[in-house]
2 protein chains.
Amino acid sequence: MKSKKTKIQKIVKIKNGIKESFEDEVVEESPLSIFLNDQKLITLLSTPCDQKFLALGFLFSEGLIKEKAEIKKLLFSSKKNEVKIFTKIMRRLPKTFLKVGTFTSGCGKGKTFEKISEGFFEKDINPLKDVLINLEFTIRADEITNLIKKFEKESSVFRSTGGVHSAALADKEKILLFKEDIGRHNAIDKILGESLVKGIPLGDKVLISSGRISSDILIKAWRGKISLIVSRSAPTSLAIELAQRLGITIVGFARGKRMNVYSYPMRVVAGS
Amino acid sequence: MKSKKTKIQKIVKIKNGIKESFEDEVVEESPLSIFLNDQKLITLLSTPCDQKFLALGFLFSEGLIKEKAEIKKLLFSSKKNEVKIFTKIMRRLPKTFLKVGTFTSGCGKGKTFEKISEGFFEKDINPLKDVLINLEFTIRADEITNLIKKFEKESSVFRSTGGVHSAALADKEKILLFKEDIGRHNAIDKILGESLVKGIPLGDKVLISSGRISSDILIKAWRGKISLIVSRSAPTSLAIELAQRLGITIVGFARGKRMNVYSYPMRVVAGS
């Protein structure tokens, strides 16, 4: 499922006023069209690797696929840049999906979010029944420090091109899945897609992202029933508000032995 | 037009295994719905400041408004989080706009981009007539170094919360406009919106962004007829390809006295 992630590019480097020709690596960006039961849903601009996982993860995080058993067929054409997915259950598309787009954060694609501004909680979530507050899952602060260290070690494309985001799924000791993409949402969708295919339970896992935690990322985590998100970057006010209502712990600014816990701090056990 | 950009949040800080309660500043995120001639186009998740400029810039960079004179009326409600814009000319929405969303980079909203994968250049641009290759505009490398220094000095919300992107419009000597948003696209749309309202000609200006330069950012610059984009971050392969075809110079990794020029390097004059 791997494909090329970077490309060699002739550039001009300027250093202390001196120009010089150079060959540099830049990150690949290409369109990927996603079809569900022969209906075109969306074209994502993304890094061309793990496209099948990206398509599946996108449908999962939009609530259009709930489990692997629903998938009847998947066709991927790298030439046409498209993934066609056929499902056993024809879930009704959200009313807003094909009419009004909601774009998120200038950095995302949370159509889901349309619902939030129009009463997401009231209509779509029964807090007592649906929200999985898995408070039994706890992790030590030094385990988070250790995971972040491993996560940064794996971020190879970012190191060579400076142009991508990374996301990972981890248990308390190690990174289980690691994905890269020019979009922080895409990287997370790739994680969710592979978890879906491989049947990895997410309730006792940690989702790590290189990017900011905005409200649409929270929705993705909630779909996956993930109870802990870690980032070296910051969360937004709306993401924190959602996390508090959905029972998700956000750890931000996780750098070295420091971190900030923005919601449900009881899940992070101090001590080093 | 300014509004609150950050919010105080109670958090738990962990440092070397010790937990402590703390009050921290987090960046605001809220939905903004944009209506054009009474039709709802989109809900952007963004930082609640400069919302009128954001709405205007979004319409401009989607090609739905071409100049200030077309705007008949603008209504902004900070309570409802919406901007309603009425225009003299009813430009036809792109066929794809209300049907199939194209989301970009996991980090954006380039509906425009639908067109690229389906022959943007062939259908929409006459390279000889439309593409403004303003090769007369040149800038010295040390002027870019100087602008980046000023740009980073202005990035106040980023410094306090770590959660936003910045964009600026500059001439060769100084920053003219400076905007912040959780989304790198929104920050640029705010710049384009204010430039539209103030009638600032863009052909001899520099667009500076804190974020990665992906293809959808290129389209925004092209709509504004901007010939030079500078970022401390990286461009993608598709952005470089577009820049080469549209006549736009991309300067990436502009840090201190170093920078990489990815297209039309003749516009950047060496020497310090």
# chains A, B, ... in the order shown; residues from 1 in each chain; ligands from 1
>>> select_by_dssp(residues="stretch 140-231 of chain B", states="strand (DSSP E or B)", output="list in words")
Arg140, His165, Ser166, Ala167, Ala168, Leu169, Ala170, Ile175, Leu176, Leu177, Phe178, Lys179, Glu180, Asp181, Val206, Leu207, Ile208, Ser209, Ile213, Leu228, Ile229, Val230 and Ser231 of chain B
>>> residues_around(residues="A:Glu20", least_positions_apart="2", cutoff="12 Å", atoms="only C-alpha atoms", output="short mmCIF file (atom, residue, chain, number, x, y, z; two decimals) with N, CA and C atoms, in the first residue's frame")
data_model
loop_
_atom_site.label_atom_id
_atom_site.label_comp_id
_atom_site.auth_asym_id
_atom_site.auth_seq_id
_atom_site.Cartn_x
_atom_site.Cartn_y
_atom_site.Cartn_z
N LYS A 10 14.49 20.55 -8.36
CA LYS A 10 15.61 21.50 -8.49
C LYS A 10 15.21 22.82 -7.85
N ILE A 11 16.03 23.29 -6.94
CA ILE A 11 15.72 24.56 -6.29
C ILE A 11 16.96 25.44 -6.28
N VAL A 12 16.75 26.70 -5.87
CA VAL A 12 17.87 27.61 -5.67
C VAL A 12 17.97 27.88 -4.18
N LYS A 13 19.12 27.59 -3.61
CA LYS A 13 19.32 27.87 -2.19
C LYS A 13 20.02 29.21 -2.05
N ILE A 14 19.57 30.03 -1.11
CA ILE A 14 20.26 31.28 -0.84
C ILE A 14 20.72 31.25 0.62
N LYS A 15 22.00 31.50 0.80
CA LYS A 15 22.54 31.49 2.17
C LYS A 15 23.52 32.64 2.27
N ASN A 16 23.30 33.51 3.22
CA ASN A 16 24.14 34.70 3.38
C ASN A 16 24.32 35.43 2.06
N GLY A 17 23.25 35.56 1.31
CA GLY A 17 23.30 36.35 0.08
C GLY A 17 23.91 35.64 -1.13
N ILE A 18 24.26 34.37 -0.97
CA ILE A 18 24.84 33.65 -2.12
C ILE A 18 23.86 32.60 -2.65
N PHE A 22 20.56 23.50 -6.43
CA PHE A 22 20.52 22.44 -5.45
C PHE A 22 19.40 21.47 -5.82
N GLU A 23 19.54 20.22 -5.44
CA GLU A 23 18.42 19.31 -5.58
C GLU A 23 17.87 19.01 -4.21
N ARG B 258 18.90 32.25 5.47
CA ARG B 258 18.77 31.15 4.52
C ARG B 258 17.37 31.13 3.94
N MET B 259 17.24 30.65 2.72
CA MET B 259 15.92 30.41 2.14
C MET B 259 16.08 29.54 0.90
N ASN B 260 15.01 28.83 0.53
CA ASN B 260 15.01 28.04 -0.70
C ASN B 260 14.01 28.66 -1.68
N VAL B 261 14.42 28.79 -2.95
CA VAL B 261 13.52 29.35 -3.95
C VAL B 261 13.11 28.22 -4.88
N PRO B 265 13.22 31.83 -9.68
CA PRO B 265 14.22 32.40 -8.74
C PRO B 265 14.75 33.77 -9.18
N ALA B 270 20.13 37.97 -5.22
CA ALA B 270 21.07 37.62 -4.16
C ALA B 270 21.80 38.87 -3.66
#
>>> residues_around(residues="stretch 217-231 of chain B", least_positions_apart="3", cutoff="8 Å", atoms="only C-alpha atoms", output="NGL selection string")
:B and (60-63 or 112 or 132-134 or 137 or 185 or 188-189 or 192 or 202-214 or 234 or 239 or 242-243 or 246-254)
